[in-house]
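To keep things clear, I will list the structure first and then write my remarks on it.
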Amino acid sequence: MTLAGLAKPWPTKILIDDALGSHSFLGLHAHAALLLSVFATIALFLVAGGLGLLQTALLFGLSQRLIADLRERTFEHLTRISLRYHDERSTGDSIFRVTNDTYAVQSVLLDGLVPLASAFLSLTGAVIVLLAFDPFFALLSAVSAPFAFVLSKRFTGRINKSAATLQLRESEVYSQAEQTLGGIKTVQAHGREDHEAARFATRTGASRIAMMRLVTDQTLFGLAIDFVLAAGLGLVTYVAAERALSGAITPGEVLVVIAYAGTVYQPMSGIASTIGELRAASAAAERVFEVLDQPHVVAPRHATPPAARAQGRLSFDKVSFEYSAGRRVLDDISFSVDPGQLVALVGPTGAGKSTIASLLLRLYDPRTGCVTLDDVDLRRLPLGWLREQIAFVPQEPALFNASLRENIRYGRLNATDEEVLSAAMAANLDELLEDPRGLDLVVGGRGNTLSGGQRQRVAIARAFLKNAPVLILDEPTSALDAATEVLVMDALEQLFADRTAIVIAHRLSTVYRASQVLVVREGRIVQQGTHAQLSRQAGLYRTLHQARFGRQRGAKPLAISWEAS
């Protein structure tokens with residue numbers, strides 16, 4: 001395309017000098033020169049147009065594949081990086097990076113690299129032709145270049161800043177929408193529709209202002225560059241016309257000089273404009289690469305699974321952990337759990353109980369000490385195999401806007417419908433199975449069409465289906481009424497059979513069943529034993545037990561709370 005474009009001025013020279021003038025270029029008859037000029041012009045435009053169509057098809061297909069690939073990599077990486085990263089950023093911001101910022105690849109390719117390559121080729125070709133034709137005009141055409149360079153340097157910083165601000169404001173719009181719609185029940189229950197609409201309008205207004213600022217900076221940059229280059233082209237035109245009037249060059253050569261001078265300035269203007277586009281795209285690209293540069297939450301290790309199925313023996317050996325430097329969450333924790341035991345973790349909020357569960361799942365690695373499964377350090381086990389050995393039932397299960405079957409099958413993706421149904425029945429989901437849709441019942445986003453107890457039992461059904469030797473439960477009965485708790489506890493009784501279980505306990509019904517109780521306070525195990533043993537000892541456990549027992553008897557509750565961290 002570039003070569004075809006560089007050849008376009010010559011048919012015009014043939015027309016002016018050979019067909020219409022007295023200066024012979026090819027020695028052709030005027031009529032023949034006219035026909036040659038016309039057909040050459042048409043041929044060059046057809047060639048350039050055909051190559052343009054081919055370029056568009058090739059580049060569009062390539063850019064779409066690049067976008068898809070970058071989206072997939074970014075999304076996959078987001079599922080593997082530290083939970084701390086997700087805690088510190090909104091879900092809407094991460095979604096915006098995956099869905100919108102990845103389009104920077106297309107902008108860099110279609111609006112950046114290819115136009116830059118074409119512009120440099122055109123610029124180089126035009127300069128070579130002018131040097132061959134008349135070095136004086138080649139030098140004259142370069143007069144504007146230093147001024148264009150200075151302007152580029154001056155505007156680059158402003159465009160960078162404006163582009164980064166726009167991406168941030170657009171991300172805030174997404175985050176606000178995700179936050180409001182995710183909590184739509186709370187919004188409507190408090191009658192805050194107008195309040196949320198006003199907040200969203202504020203975000204969109206800030207985004208509009210940022211967009212206008214970026215467009216203004218890019219437009220001013222383009223105008224300044226065009227003015228400088230137009231002045232340079234005017235100078236070349238004046239000098240070429242003066243030389244033609246003196247007879248030094250022909251009128252056709254004047255047109256060639258002006259055309260190639262324009263071919264020099266057009267790429268220079270295009271390069272300046274493209275640099276502005278690239279700066280805007282780089283702001284989005286940096287946000288994507290910020291995600292891709294995040295390390296995985298734990299270092300991946302290549303190891304061989306020690307067995308097809310773990311026995312379930314767990315141990316913490318002098319484990320300490322901190323989420324950030326100087327803020328220790330666990331301090332020298334040591335305990336062991338034999339296969340088939342039920343261990344309850346109790347203690348006040350923020351004691352570190354949930355962190356213990358996170359270390360067992362290897363969501364994090366300990367700072368010092370080690371956690372073992374069947375006497376093997378978790379860091380020496382394949383991460384995928386390790387997590388297949390553990391079933392996790394959170395206090396607030398994450399359900400998806402999909403069928404009951406798909407939500408339960410999340411525990412084991414290759415399970416048959418019969419196995420899914422058996423797991424649902426074992427979890428006492430009979431009332432959902434009685435629905436005419438059965439396992440095809442769609443539970444809604446986050447399981448909003450189900451009650452709290454039903455959501456808990458769906459999570460338990462997942463655990464049944466997974467059939468893992470180790471269970472970790474963030475007490476799933478803490479927010480349930482008595483009747484629903486009976487159903488959930490009945491399902492759990494079956495689930496506990498022949499499995500090692502670690503339960504973050506809120507209710508005494510769970511603690512009573514535990515083989516041992518670990519009392520955690522300020523990141524340390526301060527008491528350890530059975531419920532019967534600990535309830536007779538002075539200490540935190542008896543204080544917690546009396547506080548909870550007092551509430552159940554209608555006594556005035558104590559100030560301390562028996563809750564999970």
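So you can find residues: chains in the structure tokens are A, B, ... in the order shown, residues in each start at 1, and ligands are numbered from 1 in order.
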Problem set entry | Within 10 Å of stretch 349-363 of chain A using only C-alpha atoms, minus same-chain residues under 6 positions, as a ChimeraX atom specification | /A:80-83,296-298,314-316,319,321-323,328-331,333,370-373,378-379,383,386-392,470,472-474,502-505,518-525,560-565
For this session: Please identify all polymer residues within 7 Å of A:Gly112, counting only C-alpha atoms, omitting same-chain residues fewer than 3 positions from it, and present them as a PyMOL selection string.
Result: chain A and resi 107-109+115-116+274+277-278
Problem set entry | Residue list (alpha helix (DSSP H), DSSP) for stretch 493-550 of chain A, as a PyMOL selection string | chain A and resi 493-496+508-513+531-535+540-550
Now that the selection is made, can you save its residues with C-alpha atoms as a PDB file, in the first residue's frame?
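Output file out_20.pdb follows:
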ATOM      1  CA  GLU A 493     -23.628 -35.620  60.639  1.00  0.00           C
ATOM      2  CA  GLN A 494     -23.577 -37.760  57.509  1.00  0.00           C
ATOM      3  CA  LEU A 495     -20.842 -35.616  55.987  1.00  0.00           C
ATOM      4  CA  PHE A 496     -18.563 -35.923  59.033  1.00  0.00           C
ATOM      5  CA  LEU A 508     -22.421 -25.112  70.940  1.00  0.00           C
ATOM      6  CA  SER A 509     -24.126 -27.880  68.952  1.00  0.00           C
ATOM      7  CA  THR A 510     -20.966 -28.153  66.855  1.00  0.00           C
ATOM      8  CA  VAL A 511     -18.547 -27.849  69.776  1.00  0.00           C
ATOM      9  CA  TYR A 512     -20.246 -30.666  71.708  1.00  0.00           C
ATOM     10  CA  ARG A 513     -19.529 -33.072  68.834  1.00  0.00           C
ATOM     11  CA  HIS A 531     -15.666 -29.441  75.575  1.00  0.00           C
ATOM     12  CA  ALA A 532     -16.058 -31.246  78.891  1.00  0.00           C
ATOM     13  CA  GLN A 533     -12.457 -30.572  79.887  1.00  0.00           C
ATOM     14  CA  LEU A 534     -12.392 -26.928  78.868  1.00  0.00           C
ATOM     15  CA  SER A 535     -15.744 -26.036  80.382  1.00  0.00           C
ATOM     16  CA  LEU A 540     -11.436 -17.949  77.706  1.00  0.00           C
ATOM     17  CA  TYR A 541     -13.413 -21.049  76.694  1.00  0.00           C
ATOM     18  CA  ARG A 542     -15.514 -21.081  79.838  1.00  0.00           C
ATOM     19  CA  THR A 543     -16.122 -17.338  79.451  1.00  0.00           C
ATOM     20  CA  LEU A 544     -17.280 -17.877  75.866  1.00  0.00           C
ATOM     21  CA  HIS A 545     -19.376 -20.873  76.874  1.00  0.00           C
ATOM     22  CA  GLN A 546     -21.071 -18.991  79.694  1.00  0.00           C
ATOM     23  CA  ALA A 547     -21.744 -16.030  77.398  1.00  0.00           C
ATOM     24  CA  ARG A 548     -23.385 -18.261  74.806  1.00  0.00           C
ATOM     25  CA  PHE A 549     -25.206 -20.396  77.380  1.00  0.00           C
ATOM     26  CA  GLY A 550     -26.488 -17.257  79.084  1.00  0.00           C
TER      27      GLY A 550
END
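Nearest to A:Glu253 of all the residues A:Ala240, A:Ala43, A:Ala201, A:Val228 is A:Ala240, based on only C-alpha atoms.
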Exercise. Between atom CA of A:Arg199 and atom CA of A:Gln179, what is the spacing in Å?
Worked result: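 About the pair atom CA of A:Gln179 and atom CA of A:Arg199: they are 11.3 Å apart.
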